[in-house]
Amino acid sequence: MPASAPTLSPEQLDELQSLLKDWLRLSGRTQSDLRRALRAGSIRMPVLIDELHRTYCREGAAGLAERLCAIEAGWLCEEPGGAADSAGDDGLLQDSMGQLDLLLQEIRADGGA
């Protein structure tokens, strides 16, 4: 496939699924929340993965990571009081944001090297 149309291998799709499951669990969100954020047609994980894979094919790894980070930011703003009022949950929120930041760094390292 040409460089302008990247695609994820089956192993990478499995890793993405694992990442999503961990991220949803750590952030206290559900597949339904992710479906709404992605505007996907179903809450089924294969449908969610397919939507994110389309993002990857259009925008590459950085675009995928940016979309996930934008979803996380939107969720933080939806919480009562927004992100500024989350002092009690700060450790959990920092952990999940840290996970996304690490993902973004890893993607950039893999794609840029």
# chains A, B, ... in the order shown; residues from 1 in each chain; ligands from 1
$ residues_around --residues "stretch 28-36 of chain A" --least-positions-apart "4" --cutoff "9 Å" --atoms "only C-alpha atoms" --output "VMD selection string"
chain A and resid 20 to 21 23 to 24 40 to 45 47 to 48 71 75
$ atom_distance --atom1 "atom CA of A:Ala65" --atom2 "atom CA of A:Ile107"
7.9 Å
$ residues_around --residues "A:Glu66" --least-positions-apart "3" --cutoff "12 Å" --atoms "only C-alpha atoms" --output "VMD selection string"
chain A and resid 52 55 to 56 59 to 63 69 to 73 100 to 101 103 to 105 107 to 108
$ write_last_selection --atoms "N, CA, C and O atoms" --output "short mmCIF file (atom, residue, chain, number, x, y, z; two decimals), in the first residue's frame"
data_model
loop_
_atom_site.label_atom_id
_atom_site.label_comp_id
_atom_site.auth_asym_id
_atom_site.auth_seq_id
_atom_site.Cartn_x
_atom_site.Cartn_y
_atom_site.Cartn_z
N LEU A 52 -11.99 3.81 14.11
CA LEU A 52 -10.65 4.34 14.43
C LEU A 52 -9.64 3.94 13.35
O LEU A 52 -8.73 4.71 13.05
N THR A 55 -9.86 6.37 10.64
CA THR A 55 -9.13 7.59 11.02
C THR A 55 -7.65 7.39 10.75
O THR A 55 -6.98 8.26 10.19
N TYR A 56 -7.12 6.24 11.15
CA TYR A 56 -5.70 5.94 10.93
C TYR A 56 -5.37 5.95 9.44
O TYR A 56 -4.34 6.49 9.03
N GLU A 59 -5.52 9.73 8.35
CA GLU A 59 -4.68 10.73 9.01
C GLU A 59 -3.40 10.17 9.62
O GLU A 59 -2.62 10.94 10.18
N GLY A 60 -3.22 8.87 9.57
CA GLY A 60 -2.03 8.26 10.13
C GLY A 60 -2.11 8.13 11.64
O GLY A 60 -3.13 8.43 12.27
N ALA A 61 -1.00 7.71 12.22
CA ALA A 61 -0.94 7.44 13.66
C ALA A 61 -1.15 8.70 14.48
O ALA A 61 -1.86 8.68 15.50
N ALA A 62 -0.57 9.81 14.06
CA ALA A 62 -0.73 11.05 14.80
C ALA A 62 -2.20 11.49 14.80
O ALA A 62 -2.72 11.95 15.82
N GLY A 63 -2.88 11.33 13.67
CA GLY A 63 -4.30 11.68 13.59
C GLY A 63 -5.15 10.82 14.50
O GLY A 63 -6.09 11.31 15.14
N CYS A 69 -7.18 11.70 21.95
CA CYS A 69 -6.92 12.75 22.93
C CYS A 69 -8.07 13.77 22.95
O CYS A 69 -8.46 14.25 24.02
N ALA A 70 -8.63 14.08 21.78
CA ALA A 70 -9.76 15.01 21.71
C ALA A 70 -10.99 14.41 22.40
O ALA A 70 -11.73 15.14 23.09
N ILE A 71 -11.20 13.12 22.24
CA ILE A 71 -12.30 12.45 22.92
C ILE A 71 -12.11 12.54 24.42
O ILE A 71 -13.03 12.87 25.17
N GLU A 72 -10.90 12.25 24.88
CA GLU A 72 -10.60 12.31 26.32
C GLU A 72 -10.84 13.72 26.85
O GLU A 72 -11.44 13.91 27.91
N ALA A 73 -10.40 14.72 26.12
CA ALA A 73 -10.59 16.11 26.54
C ALA A 73 -12.08 16.45 26.61
O ALA A 73 -12.53 17.12 27.55
N LEU A 100 -2.49 8.09 27.22
CA LEU A 100 -2.66 8.62 25.87
C LEU A 100 -1.41 9.37 25.41
O LEU A 100 -1.02 9.27 24.25
N ASP A 101 -0.80 10.10 26.33
CA ASP A 101 0.43 10.80 25.98
C ASP A 101 1.53 9.81 25.60
O ASP A 101 2.27 10.03 24.64
N LEU A 103 1.04 6.81 24.39
CA LEU A 103 0.65 6.27 23.10
C LEU A 103 1.08 7.21 21.97
O LEU A 103 1.67 6.78 20.98
N LEU A 104 0.80 8.49 22.15
CA LEU A 104 1.15 9.47 21.14
C LEU A 104 2.67 9.50 20.93
O LEU A 104 3.16 9.51 19.79
N GLN A 105 3.44 9.46 22.01
CA GLN A 105 4.91 9.43 21.89
C GLN A 105 5.38 8.19 21.16
O GLN A 105 6.26 8.25 20.31
N ILE A 107 3.69 6.33 19.05
CA ILE A 107 3.28 6.39 17.66
C ILE A 107 4.22 7.29 16.88
O ILE A 107 4.64 6.97 15.78
N ARG A 108 4.53 8.42 17.46
CA ARG A 108 5.44 9.35 16.77
C ARG A 108 6.82 8.73 16.59
O ARG A 108 7.46 8.92 15.56
#
$ closest_residue --among "A:Leu68, A:Ala37, A:Leu13, A:Ala109" --to "A:Ile49" --atoms "only C-alpha atoms"
A:Leu13
$ atom_distance --atom1 "atom CA of A:Leu16" --atom2 "atom CA of A:Glu51"
11.8 Å
